[in-house]
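Structure file upload32.cif; described as mmCIF, C-alpha atoms and all ligand atoms.
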data_start
loop_
_atom_site.label_atom_id
_atom_site.label_comp_id
_atom_site.auth_asym_id
_atom_site.auth_seq_id
_atom_site.Cartn_x
_atom_site.Cartn_y
_atom_site.Cartn_z
CA MET A 21 0.00 0.00 0.00
CA ARG A 22 1.26 3.48 -0.81
CA ALA A 23 2.21 5.92 1.93
CA LEU A 24 -0.73 7.40 3.78
CA SER A 25 -1.65 10.97 2.92
CA LYS A 26 -3.13 12.99 5.74
CA VAL A 27 -4.98 16.15 6.47
CA ASP A 28 -4.72 16.59 10.19
CA LEU A 29 -6.53 19.67 11.43
CA HIS A 30 -7.37 19.07 15.10
CA ARG A 31 -10.17 21.67 15.04
CA PRO A 32 -13.86 21.52 15.95
CA PRO A 33 -15.73 19.61 13.25
CA THR A 34 -18.49 22.13 12.71
CA SER A 35 -16.29 25.14 12.20
CA ASP A 36 -16.46 26.75 8.74
CA ALA A 37 -12.83 27.76 9.12
CA GLN A 38 -11.90 24.17 9.75
CA LEU A 39 -13.82 23.01 6.72
CA ALA A 40 -12.04 25.61 4.58
CA THR A 41 -8.65 24.39 5.79
CA MET A 42 -9.57 20.76 5.20
CA ARG A 43 -10.67 21.61 1.69
CA ALA A 44 -7.42 23.49 1.03
CA GLU A 45 -5.43 20.46 2.20
CA VAL A 46 -7.41 18.13 -0.04
CA ARG A 47 -6.90 20.47 -3.00
CA ALA A 48 -3.17 20.64 -2.32
CA GLU A 49 -2.47 16.97 -1.59
CA ALA A 50 -5.09 14.61 -2.97
CA LYS A 51 -4.65 13.13 -6.43
CA ASP A 52 -7.44 12.26 -8.81
CA ARG A 53 -6.93 8.53 -8.77
CA PRO A 54 -8.68 5.55 -7.14
CA GLY A 55 -8.53 5.29 -3.39
CA VAL A 56 -10.29 4.97 -0.05
CA TYR A 57 -10.75 7.69 2.55
CA ARG A 58 -11.58 7.84 6.22
CA MET A 59 -13.30 10.70 8.04
CA LEU A 60 -12.14 10.93 11.64
CA SER A 61 -13.69 12.81 14.51
CA ALA A 62 -11.66 15.01 16.86
CA ASP A 63 -11.14 12.08 19.23
CA GLY A 64 -9.84 9.81 16.48
CA GLU A 65 -12.99 7.77 15.87
CA ILE A 66 -13.40 6.73 12.23
CA VAL A 67 -16.91 8.03 11.56
CA TYR A 68 -17.09 7.31 7.84
CA VAL A 69 -15.24 5.31 5.20
CA GLY A 70 -15.69 5.83 1.48
CA LYS A 71 -14.05 5.07 -1.84
CA SER A 72 -13.79 6.71 -5.21
CA LYS A 73 -12.12 6.16 -8.54
CA LYS A 74 -11.35 9.91 -8.45
CA LEU A 75 -10.40 10.56 -4.87
CA ARG A 76 -9.66 14.28 -5.12
CA THR A 77 -12.89 15.06 -6.96
CA ARG A 78 -14.88 12.98 -4.51
CA LEU A 79 -13.36 14.59 -1.41
CA LEU A 80 -13.83 18.10 -2.79
CA SER A 81 -17.49 17.33 -3.49
CA TYR A 82 -18.05 17.08 0.28
CA PHE A 83 -17.24 20.76 0.60
CA ARG A 84 -19.65 21.79 -2.14
CA CYS A 85 -22.84 20.44 -0.55
CA SER A 86 -25.49 23.16 -0.79
CA PHE A 87 -27.60 22.20 2.21
CA PRO A 88 -26.53 21.24 5.73
CA GLU A 89 -28.90 18.25 5.61
CA ASP A 90 -27.14 16.79 2.54
CA LYS A 91 -25.50 13.48 3.31
CA GLY A 92 -22.06 14.78 2.32
CA ALA A 93 -22.43 17.89 4.46
CA ARG A 94 -23.49 15.85 7.47
CA ILE A 95 -20.52 13.52 7.09
CA VAL A 96 -17.87 16.19 6.65
CA ARG A 97 -19.28 18.24 9.55
CA GLU A 98 -18.62 15.26 11.84
CA ALA A 99 -15.04 15.02 10.67
CA ASP A 100 -12.05 16.75 12.13
CA LYS A 101 -9.55 14.97 9.95
CA ILE A 102 -9.47 13.14 6.64
CA GLU A 103 -7.06 10.34 5.80
CA TRP A 104 -6.76 8.47 2.55
CA ASP A 105 -4.88 5.70 0.78
CA TYR A 106 -4.54 5.23 -2.94
CA THR A 107 -5.46 1.94 -4.54
CA PRO A 108 -4.55 0.52 -7.96
CA SER A 109 -8.12 0.63 -9.29
CA GLU A 110 -11.73 1.37 -8.41
CA PHE A 111 -12.29 -2.36 -7.86
CA ALA A 112 -9.41 -2.46 -5.37
CA ALA A 113 -10.88 0.62 -3.66
CA LEU A 114 -14.24 -1.09 -3.37
CA LEU A 115 -12.69 -4.14 -1.69
CA GLU A 116 -10.59 -2.01 0.64
CA GLU A 117 -13.61 0.11 1.59
CA LEU A 118 -15.50 -3.06 2.53
CA ARG A 119 -12.60 -4.34 4.63
CA LEU A 120 -12.29 -1.02 6.48
CA ILE A 121 -16.04 -0.84 7.11
CA LYS A 122 -16.06 -4.39 8.47
CA ARG A 123 -13.03 -3.65 10.64
CA PHE A 124 -14.04 -0.26 12.07
CA ARG A 125 -17.85 -0.33 11.66
CA PRO A 126 -18.05 3.48 11.19
CA ARG A 127 -21.36 4.79 12.43
CA LEU A 128 -22.12 6.87 9.33
CA ASN A 129 -21.69 4.02 6.87
CA VAL A 130 -25.40 3.37 6.76
CA ALA A 131 -25.51 3.11 2.95
CA MET A 132 -23.67 -0.20 2.81
CA MET A 133 -25.70 -1.60 5.69
CA ARG A 134 -28.87 -0.60 3.88
CA ASP A 135 -27.65 -2.53 0.81
CA ALA A 136 -27.13 -5.63 2.88
CA ARG A 137 -30.58 -5.26 4.46
CA HIS A 138 -32.22 -5.59 1.04
CA PHE A 139 -31.47 -9.27 1.34
CA ALA A 140 -32.74 -11.87 3.72
CA PHE A 141 -30.63 -14.71 5.05
CA ILE A 142 -31.58 -17.88 6.86
CA LYS A 143 -29.44 -18.29 9.91
CA LEU A 144 -28.97 -21.58 11.74
CA THR A 145 -28.02 -20.85 15.32
CA ARG A 146 -25.40 -22.89 17.14
CA GLY A 147 -25.53 -24.35 20.63
CA ILE A 148 -28.15 -26.60 22.21
CA ALA A 149 -31.26 -27.21 20.06
CA PRO A 150 -30.31 -24.98 17.08
CA LYS A 151 -33.10 -22.99 15.47
CA LEU A 152 -33.66 -21.23 12.16
CA LEU A 153 -34.03 -17.47 11.95
CA VAL A 154 -34.66 -15.12 9.06
CA VAL A 155 -32.34 -12.13 9.31
CA ARG A 156 -31.52 -9.13 7.18
CA GLY A 157 -27.80 -8.91 6.49
CA ALA A 158 -25.16 -10.87 8.33
CA GLY A 159 -24.59 -10.30 12.03
CA ALA A 160 -21.28 -9.39 13.56
CA GLU A 161 -20.78 -12.93 14.91
CA ASP A 162 -18.62 -15.02 12.60
CA ALA A 163 -19.56 -18.32 14.17
CA GLN A 164 -23.08 -18.52 12.76
CA ILE A 165 -24.13 -20.40 9.63
CA TYR A 166 -25.98 -18.37 6.99
CA TYR A 167 -27.82 -19.44 3.85
CA GLY A 168 -28.69 -16.92 1.17
CA PRO A 169 -28.95 -14.13 0.18
CA PHE A 170 -32.63 -14.23 -0.79
CA HIS A 171 -35.10 -11.67 -1.99
CA GLY A 172 -38.44 -11.42 -0.18
CA ALA A 173 -37.93 -11.73 3.57
CA GLN A 174 -41.63 -12.40 4.12
CA ARG A 175 -41.76 -15.34 1.72
CA VAL A 176 -38.55 -16.75 3.15
CA GLY A 177 -40.04 -16.36 6.64
CA GLU A 178 -43.10 -18.40 5.63
CA ALA A 179 -40.91 -21.09 4.11
CA VAL A 180 -38.84 -21.27 7.30
CA ARG A 181 -42.04 -21.70 9.33
CA GLU A 182 -42.97 -24.65 7.08
CA LEU A 183 -39.52 -26.12 7.57
CA ASN A 184 -39.78 -25.77 11.34
CA ASP A 185 -43.23 -27.35 11.39
CA ALA A 186 -42.35 -30.16 8.98
CA LEU A 187 -39.26 -31.15 10.96
CA GLY A 188 -40.46 -30.30 14.47
CA LEU A 189 -37.78 -27.72 15.10
CA ARG A 190 -38.27 -25.18 17.82
CA ASP A 191 -38.96 -21.52 17.04
CA CYS A 192 -39.01 -20.12 20.57
CA ARG A 193 -36.69 -17.61 22.19
CA LEU A 194 -33.01 -18.54 22.25
CA ASP A 195 -32.95 -18.40 26.05
CA GLN A 196 -35.85 -20.87 26.43
CA PRO A 197 -34.45 -23.66 28.71
CA MET A 198 -34.06 -27.02 26.92
CA HIS A 199 -34.57 -30.35 28.68
CA PHE A 200 -33.96 -33.33 26.43
CA ALA A 201 -35.43 -36.74 27.21
CA ASP A 202 -31.93 -38.11 27.72
CA GLN A 203 -31.38 -35.67 30.60
CA PRO A 204 -33.87 -37.23 33.09
CA GLU A 205 -31.89 -36.00 36.08
CA LEU A 206 -33.14 -32.50 35.29
CA PHE A 207 -36.82 -33.26 35.54
CA HIS A 208 -37.09 -33.21 39.29
CA LEU A 209 -35.90 -29.61 39.04
CA TYR A 210 -38.26 -28.43 36.28
CA PRO A 211 -42.01 -28.86 35.62
CA ARG A 212 -42.96 -30.97 32.55
CA THR A 213 -44.86 -28.12 30.89
CA PRO A 214 -43.87 -27.17 27.37
CA GLY A 215 -42.93 -23.56 26.72
CA CYS A 216 -45.65 -23.24 24.04
CA ILE A 217 -48.45 -25.08 22.31
CA ARG A 218 -46.37 -26.28 19.33
CA HIS A 219 -45.35 -29.52 21.05
CA GLU A 220 -48.98 -30.41 21.82
CA ILE A 221 -50.10 -29.79 18.25
CA ARG A 222 -47.13 -31.84 16.99
CA LYS A 223 -45.28 -29.04 15.28
CA CYS A 224 -42.28 -29.21 17.59
CA LEU A 225 -40.42 -32.22 18.98
CA GLY A 226 -40.54 -30.47 22.34
CA PRO A 227 -36.90 -30.31 23.38
CA CYS A 228 -38.00 -27.95 26.15
CA VAL A 229 -40.00 -30.69 27.86
CA GLY A 230 -38.19 -33.96 27.19
CA GLY A 231 -40.24 -34.61 24.04
CA CYS A 232 -37.14 -35.92 22.25
CA THR A 233 -33.56 -36.89 22.92
CA SER A 234 -30.75 -34.57 21.88
CA SER A 235 -29.74 -37.00 19.11
CA GLU A 236 -33.32 -37.09 17.75
CA TYR A 237 -33.33 -33.32 17.61
CA ASP A 238 -29.85 -33.26 16.05
CA GLU A 239 -31.04 -35.65 13.36
CA ARG A 240 -33.79 -33.15 12.39
CA VAL A 241 -31.20 -30.37 12.32
CA ARG A 242 -29.09 -32.55 10.02
CA LEU A 243 -32.13 -32.95 7.75
CA VAL A 244 -32.78 -29.22 7.60
CA ARG A 245 -29.11 -28.52 6.83
CA SER A 246 -29.23 -31.11 4.13
CA PHE A 247 -32.27 -29.40 2.60
CA LEU A 248 -30.69 -25.95 2.89
CA ASP A 249 -27.48 -27.31 1.34
CA GLY A 250 -29.58 -28.62 -1.57
CA ALA A 251 -28.56 -32.21 -0.79
CA ASP A 252 -32.04 -33.64 -0.29
CA ASP A 253 -35.77 -32.91 -0.23
CA GLY A 254 -36.52 -34.62 3.11
CA PRO A 255 -38.86 -31.93 4.52
CA MET A 256 -40.85 -31.69 1.27
CA ASN A 257 -41.18 -35.47 1.08
CA LEU A 258 -42.56 -35.53 4.64
CA LEU A 259 -45.17 -32.92 3.70
CA ARG A 260 -46.05 -34.73 0.46
CA GLU A 261 -46.65 -37.98 2.37
CA GLU A 262 -48.92 -36.12 4.80
CA MET A 263 -50.73 -34.49 1.85
CA ILE A 264 -51.41 -37.85 0.19
CA ALA A 265 -52.62 -39.33 3.50
CA ALA A 266 -54.94 -36.34 4.08
CA SER A 267 -56.29 -36.65 0.57
CA GLU A 268 -56.94 -40.38 1.04
CA ARG A 269 -58.89 -39.55 4.21
CA LEU A 270 -60.91 -37.08 2.08
CA GLU A 271 -59.54 -34.18 4.19
CA PHE A 272 -59.25 -31.96 1.14
CA GLU A 273 -58.88 -28.68 3.00
CA ARG A 274 -55.89 -30.03 4.93
CA ALA A 275 -54.45 -31.57 1.76
CA ALA A 276 -54.69 -28.16 0.01
CA SER A 277 -52.98 -26.45 2.92
CA LEU A 278 -50.16 -29.05 2.80
CA ARG A 279 -49.85 -28.52 -0.96
CA ASP A 280 -49.34 -24.77 -0.33
CA LYS A 281 -46.63 -25.57 2.20
CA VAL A 282 -44.85 -27.82 -0.30
CA GLN A 283 -45.04 -25.04 -2.88
CA ARG A 284 -43.49 -22.54 -0.47
CA LEU A 285 -40.59 -24.93 0.15
CA GLU A 286 -40.23 -25.49 -3.58
CA GLY A 287 -40.01 -21.70 -4.01
CA LEU A 288 -37.24 -21.61 -1.42
CA ARG A 289 -35.42 -24.46 -3.16
CA GLU A 290 -35.71 -22.58 -6.50
CA GLN A 291 -34.05 -19.59 -4.90
CA PHE A 292 -31.25 -21.84 -3.64
CA ILE A 293 -30.68 -23.19 -7.13
CA LYS A 294 -30.53 -19.69 -8.61
CA PHE A 295 -28.24 -18.54 -5.84
CA ARG A 296 -25.84 -21.45 -6.29
CA PHE A 297 -25.76 -20.82 -10.02
CA ALA A 298 -25.00 -17.13 -9.46
CA VAL A 299 -22.23 -18.00 -7.00
CA GLU A 300 -20.70 -20.58 -9.33
CA THR A 301 -20.58 -18.06 -12.18
CA LEU A 302 -18.48 -15.81 -9.94
CA SER A 303 -15.45 -18.12 -10.20
CA PHE A 304 -12.60 -16.91 -12.38
CA VAL A 305 -9.30 -15.06 -12.60
CA TYR A 306 -10.06 -11.34 -12.96
CA THR A 307 -7.41 -9.03 -14.40
CA VAL A 308 -7.72 -5.37 -13.49
CA PRO A 309 -5.45 -2.79 -15.11
CA GLY A 310 -4.19 -0.46 -12.41
CA TYR A 311 -3.11 3.13 -12.03
CA GLU A 312 0.37 3.71 -13.49
CA GLY A 313 0.81 0.03 -14.37
CA ASP A 314 -0.12 -1.36 -10.93
CA ASP A 315 -2.09 -4.14 -12.64
CA ARG A 316 -3.65 -6.81 -10.43
CA LEU A 317 -5.06 -10.29 -10.71
CA TYR A 318 -7.86 -11.39 -8.42
CA LEU A 319 -8.57 -15.06 -7.89
CA ILE A 320 -12.32 -15.14 -7.34
CA ARG A 321 -13.98 -18.38 -6.39
CA ARG A 322 -17.64 -18.82 -5.48
CA GLY A 323 -18.11 -15.07 -5.15
CA ARG A 324 -15.20 -14.43 -2.83
CA VAL A 325 -11.73 -13.00 -3.50
CA ARG A 326 -9.35 -15.83 -2.52
CA GLY A 327 -6.15 -14.14 -3.66
CA GLU A 328 -4.85 -10.85 -5.03
CA TYR A 329 -1.54 -10.63 -6.89
CA ALA A 330 0.38 -8.14 -8.97
CA LEU A 331 0.44 -9.10 -12.64
CA PRO A 332 3.65 -11.18 -12.97
CA ARG A 333 6.59 -9.36 -14.56
CA SER A 334 9.03 -12.28 -14.68
CA GLU A 335 8.90 -15.97 -15.49
CA PRO A 336 9.46 -17.11 -11.85
CA ASP A 337 6.59 -14.78 -10.76
CA ARG A 338 4.36 -16.28 -13.41
CA VAL A 339 5.17 -19.83 -12.27
CA ARG A 340 4.35 -18.87 -8.66
CA LEU A 341 1.09 -17.30 -9.76
CA LEU A 342 0.03 -20.44 -11.63
CA GLU A 343 0.69 -22.45 -8.47
CA MET A 344 -1.55 -20.05 -6.54
CA VAL A 345 -4.30 -20.38 -9.14
CA GLU A 346 -4.19 -24.16 -8.79
CA ASP A 347 -4.16 -23.94 -4.99
CA VAL A 348 -7.31 -21.81 -5.05
CA PHE A 349 -9.28 -23.54 -7.77
CA ASN A 350 -8.29 -27.20 -7.57
CA PRO A 351 -9.66 -28.21 -4.14
CA VAL A 352 -13.18 -29.62 -4.44
CA GLU A 353 -15.76 -27.47 -2.65
CA ARG A 354 -19.29 -28.52 -1.82
CA ASP A 355 -22.03 -27.01 -3.95
CA THR A 356 -24.05 -25.36 -1.21
CA ALA A 357 -26.07 -22.26 -0.48
CA GLN A 358 -24.19 -21.91 2.82
CA VAL A 359 -22.01 -18.82 3.17
CA PRO A 360 -19.72 -18.09 6.12
CA SER A 361 -20.99 -14.90 7.71
CA HIS A 362 -17.67 -13.07 7.28
CA GLU A 363 -17.88 -13.62 3.51
CA ILE A 364 -21.46 -12.49 2.90
CA ASP A 365 -20.67 -8.80 2.39
CA GLU A 366 -17.93 -9.64 -0.11
CA LEU A 367 -20.24 -11.94 -2.03
CA LEU A 368 -22.88 -9.19 -2.23
CA LEU A 369 -20.25 -6.66 -3.26
CA LEU A 370 -18.83 -8.82 -6.07
CA SER A 371 -22.22 -9.78 -7.46
CA SER A 372 -23.28 -6.12 -7.40
CA TRP A 373 -20.00 -5.05 -9.13
CA PHE A 374 -20.35 -7.47 -12.03
CA ARG A 375 -24.08 -6.75 -12.32
CA ARG A 376 -23.41 -3.01 -12.59
CA PHE A 377 -20.48 -3.46 -14.97
CA PRO A 378 -21.11 -6.64 -16.96
CA ALA A 379 -18.39 -5.62 -19.44
CA GLU A 380 -15.86 -6.26 -16.65
CA LEU A 381 -16.54 -9.97 -17.13
CA GLY A 382 -14.61 -9.55 -20.41
CA ARG A 383 -11.49 -9.29 -18.23
CA SER A 384 -12.21 -12.57 -16.49
CA CYS A 385 -10.84 -15.92 -17.47
CA ALA A 386 -11.79 -19.41 -16.25
CA ALA A 387 -9.03 -20.83 -14.06
CA LYS A 388 -8.35 -23.78 -16.39
CA ALA A 389 -8.03 -21.55 -19.44
CA PHE A 390 -5.82 -19.19 -17.46
CA VAL A 391 -3.44 -22.01 -16.52
CA ALA A 392 -3.47 -23.37 -20.07
CA GLU A 393 -2.60 -19.96 -21.49
CA PRO A 394 -0.85 -17.87 -18.83
CA PRO A 395 -0.94 -14.07 -19.07
CA PRO A 396 1.76 -12.10 -20.87
CA LEU A 397 4.37 -10.50 -18.67
CA GLU A 398 2.95 -7.09 -19.47
CA TYR A 399 -0.65 -6.06 -19.39
CA ASP A 400 -1.99 -6.36 -22.92
CA ALA A 401 -3.90 -3.08 -23.10
CA ALA A 402 -4.44 -3.38 -26.85
CA ASN A 403 -6.52 -6.50 -26.26
CA ASP A 404 -8.41 -5.26 -23.22
CA PRO A 405 -12.10 -5.46 -24.14
CA ILE A 406 -13.01 -2.33 -22.20
CA PHE A 407 -9.72 -0.59 -21.60
CA THR A 408 -10.84 2.83 -22.71
CA SER A 409 -14.17 2.76 -20.95
CA ALA A 410 -13.29 0.71 -17.91
CA ALA A 411 -15.16 1.01 -14.64
CA THR A 412 -17.28 3.94 -15.64
CA SER A 413 -19.22 4.21 -12.44
CA ALA A 414 -20.08 7.50 -10.85
CA ALA A 415 -17.50 8.56 -8.32
S1 LIG B 501 -42.61 -26.62 22.32
FE1 LIG B 501 -40.93 -25.92 23.57
S2 LIG B 501 -39.09 -26.11 22.31
FE2 LIG B 501 -40.89 -26.24 20.97
S3 LIG B 501 -41.15 -24.16 20.24
FE3 LIG B 501 -42.48 -24.44 22.02
S4 LIG B 501 -41.22 -23.71 23.71
FE4 LIG B 501 -39.83 -24.06 22.02
#
Once you've parsed the file, please lay out its structure as structure tokens.
Amino acid sequence: MRALSKVDLHRPPTSDAQLATMRAEVRAEAKDRPGVYRMLSADGEIVYVGKSKKLRTRLLSYFRCSFPEDKGARIVREADKIEWDYTPSEFAALLEELRLIKRFRPRLNVAMMRDARHFAFIKLTRGIAPKLLVVRGAGAEDAQIYYGPFHGAQRVGEAVRELNDALGLRDCRLDQPMHFADQPELFHLYPRTPGCIRHEIRKCLGPCVGGCTSSEYDERVRLVRSFLDGADDGPMNLLREEMIAASERLEFERAASLRDKVQRLEGLREQFIKFRFAVETLSFVYTVPGYEGDDRLYLIRRGRVRGEYALPRSEPDRVRLLEMVEDVFNPVERDTAQVPSHEIDELLLLSSWFRRFPAELGRSCAAKAFVAEPPPLEYDAANDPIFTSAATSAA
């Protein structure tokens, strides 16, 4: 990373004089090239992180906001100091911005959080008697298992209810005490009353009241994971069997209700299939021409950046790079809709980047083709499909 440039003012953030000095510093020092910037309060808190492909222009725009309620005006009026780093490209700036936001969680970075909240995720909690939750965006805890992202939180919520009911999983509060049937020593301490009606109406195995052993409950959790991983249709098959039985008993209303449940689960499964397809298409070597020849290669697999390297300039560097490509792409990975929580934001960022700039895919190359025909030792600008119009996003 290049040396940090700084504007260090140590003055009250709302002072017009301070703003004028900050602007003068930006005008004098900042270059119009890709980079990330941090707005710091007087006590050193990073209050906002941003990126731009034209850093100087972007920073100066903060001082041109016409109204105090403008987002830019509000941000810069909280800042006492601006720091920035240059990056080789807008794509590199985008990745670095994400990393800084995840690391420092600046309070004014609501825009990115709002993006993440457009999507719903299914979260499988850990610990005793895991349960499914529908959440918007990934939480801060890295230890949880997430499936998604999905559109339509309400529909996903209904499908999760069907899953819970079909498999007898609990949906009560996380702090509800659990008493499995294989923990009989506990029952003289606790009454045998379930925490809710779901056990009595056979929609929950009742781990709160000894209705099942821990291994019986774990087996249902295994089934739900298997369904969410796309490995089997166990919950749908259970509902279909019930539907046929209800129909044979001439209980047509119940059979119709079970059919609707099956359809909701099928809708969820469709979303999984689409999601897995989208993730799989985000697997390639991506070459990004950089500022003043700082060209980079990104090894992207299943929607996550697994490696970032300078374009090789010598034969030994090229050999090392090919080894890295094989290390990243050769290991077999399970085809699943499961995403580690710390990778969700990156997955959303990459899919949004290539959706906004589909021409960038012209700079990608499947790993096998890349290994079969390694890159030249200099970036081949003449053959770049979008070299002259690359990354034309608004700053
Ligand atoms: S029956 Fe018990 S474990 Fe099941 S949802 Fe109700 S309170 Fe939770």
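Distance-wise, CA of Glu366 in chain A and CA of Arg127 in chain A end up 19.4 Å apart.
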Residues within 9 Å of ligand LIG 501 (chain B) should be enumerated using only C-alpha atoms and all ligand atoms and returned as a PyMOL selection string.
chain A and resi 149+188-194+196-199+213-220+222-229+231
File dump, residues just selected, C-alpha atoms, as a PDB file, keeping the file's coordinate frame:
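Saved file selection-v9.pdb follows:
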ATOM      1  CA  ALA A 149     -31.260 -27.210  20.060  1.00  0.00           C
ATOM      2  CA  GLY A 188     -40.460 -30.300  14.470  1.00  0.00           C
ATOM      3  CA  LEU A 189     -37.780 -27.720  15.100  1.00  0.00           C
ATOM      4  CA  ARG A 190     -38.270 -25.180  17.820  1.00  0.00           C
ATOM      5  CA  ASP A 191     -38.960 -21.520  17.040  1.00  0.00           C
ATOM      6  CA  CYS A 192     -39.010 -20.120  20.570  1.00  0.00           C
ATOM      7  CA  ARG A 193     -36.690 -17.610  22.190  1.00  0.00           C
ATOM      8  CA  LEU A 194     -33.010 -18.540  22.250  1.00  0.00           C
ATOM      9  CA  GLN A 196     -35.850 -20.870  26.430  1.00  0.00           C
ATOM     10  CA  PRO A 197     -34.450 -23.660  28.710  1.00  0.00           C
ATOM     11  CA  MET A 198     -34.060 -27.020  26.920  1.00  0.00           C
ATOM     12  CA  HIS A 199     -34.570 -30.350  28.680  1.00  0.00           C
ATOM     13  CA  THR A 213     -44.860 -28.120  30.890  1.00  0.00           C
ATOM     14  CA  PRO A 214     -43.870 -27.170  27.370  1.00  0.00           C
ATOM     15  CA  GLY A 215     -42.930 -23.560  26.720  1.00  0.00           C
ATOM     16  CA  CYS A 216     -45.650 -23.240  24.040  1.00  0.00           C
ATOM     17  CA  ILE A 217     -48.450 -25.080  22.310  1.00  0.00           C
ATOM     18  CA  ARG A 218     -46.370 -26.280  19.330  1.00  0.00           C
ATOM     19  CA  HIS A 219     -45.350 -29.520  21.050  1.00  0.00           C
ATOM     20  CA  GLU A 220     -48.980 -30.410  21.820  1.00  0.00           C
ATOM     21  CA  ARG A 222     -47.130 -31.840  16.990  1.00  0.00           C
ATOM     22  CA  LYS A 223     -45.280 -29.040  15.280  1.00  0.00           C
ATOM     23  CA  CYS A 224     -42.280 -29.210  17.590  1.00  0.00           C
ATOM     24  CA  LEU A 225     -40.420 -32.220  18.980  1.00  0.00           C
ATOM     25  CA  GLY A 226     -40.540 -30.470  22.340  1.00  0.00           C
ATOM     26  CA  PRO A 227     -36.900 -30.310  23.380  1.00  0.00           C
ATOM     27  CA  CYS A 228     -38.000 -27.950  26.150  1.00  0.00           C
ATOM     28  CA  VAL A 229     -40.000 -30.690  27.860  1.00  0.00           C
ATOM     29  CA  GLY A 231     -40.240 -34.610  24.040  1.00  0.00           C
TER      30      GLY A 231
END
Using all atoms listed in the file: which of A:Phe377, A:Ser384, A:Ser35, A:Lys71 has the shortest distance to Thr301 in chain A:
A:Ser384
What is the distance between CA of Ser109 in chain A and CA of Pro54 in chain A, in Å to one decimal?
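Between CA of Ser109 in chain A and CA of Pro54 in chain A the gap is 5.4 Å.
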Compare A:Phe87, A:Pro255, A:Leu331, A:Ile320 by their minimum atom-to-atom distance to Arg242 in chain A, counting all atoms listed in the file, and give me the closest one.
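Using all atoms listed in the file, Arg242 in chain A sits closest to A:Pro255.
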A:Arg146, A:Val176, A:Val67, A:Glu110: which is nearest Leu128 in chain A, counting all atoms listed in the file?
A:Val67
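If you look at CA of Leu341 in chain A and CA of Leu302 in chain A, they are 19.6 Å away from each other.
Comparing A:Thr107, A:Ser235, A:Asn184, A:Thr145 by their smallest distance to Tyr167 in chain A, the closest is A:Thr145 (using all atoms listed in the file).
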Cut-off 12 Å around (4.1, -10.2, -1.2) with all atoms listed in the file: residues as an MDAnalysis selection string:
chainID A and resid 21 327:330 332 337 340:341
When you count only C-alpha atoms, which of these residues is closest to Val305 in chain A: A:Gly92, A:Gly250, A:Pro351, A:Pro395?
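For Val305 in chain A, the nearest of the candidates is A:Pro395.
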List the spatial neighbours of Met256 in chain A as a list of chain:residue names - criterion: any atom at most 10 Å away, only C-alpha atoms, same-chain residues fewer than 4 positions off excluded.
A:Glu182, A:Leu183, A:Ala186, A:Leu187, A:Phe247, A:Asp252, A:Arg260, A:Glu261, A:Glu262, A:Leu278, A:Arg279, A:Lys281, A:Val282, A:Gln283, A:Arg284, A:Leu285, A:Glu286
Which residue gives the smallest distance to Asp280 in chain A among A:Arg383, A:Leu342, A:Met263, A:Trp373, with all atoms listed in the file counted?
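Looking at the shortest contact to Asp280 in chain A, the residue is A:Met263.
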So which residues touch Lys143 in chain A within 8 Å, counting all atoms listed in the file, skipping near sequence neighbours fewer than 2 positions away, as JSON, numbers by chain?
{"A": [141, 145, 152, 153, 154, 155, 164, 165, 166, 167]}
With C-alpha atoms kept, could you save the residues just selected as a short mmCIF file (atom, residue, chain, number, x, y, z; two decimals), in the frame of the given file?
data_model
loop_
_atom_site.label_atom_id
_atom_site.label_comp_id
_atom_site.auth_asym_id
_atom_site.auth_seq_id
_atom_site.Cartn_x
_atom_site.Cartn_y
_atom_site.Cartn_z
CA PHE A 141 -30.63 -14.71 5.05
CA THR A 145 -28.02 -20.85 15.32
CA LEU A 152 -33.66 -21.23 12.16
CA LEU A 153 -34.03 -17.47 11.95
CA VAL A 154 -34.66 -15.12 9.06
CA VAL A 155 -32.34 -12.13 9.31
CA GLN A 164 -23.08 -18.52 12.76
CA ILE A 165 -24.13 -20.40 9.63
CA TYR A 166 -25.98 -18.37 6.99
CA TYR A 167 -27.82 -19.44 3.85
#
List the spatial neighbours of Tyr306 in chain A as a count of residues only - criterion: any atom at most 9 Å away, all atoms listed in the file, same-chain residues fewer than 3 positions off excluded.
12
For the point (-13.8, 13.4, -2.0) in file coordinates, what residues are within 12 Å, counting all atoms listed in the file? Give the answer as a VMD selection string?
chain A and resid 42 to 43 45 to 47 49 to 59 69 to 85 92 to 93 95 to 96 102 to 104 415
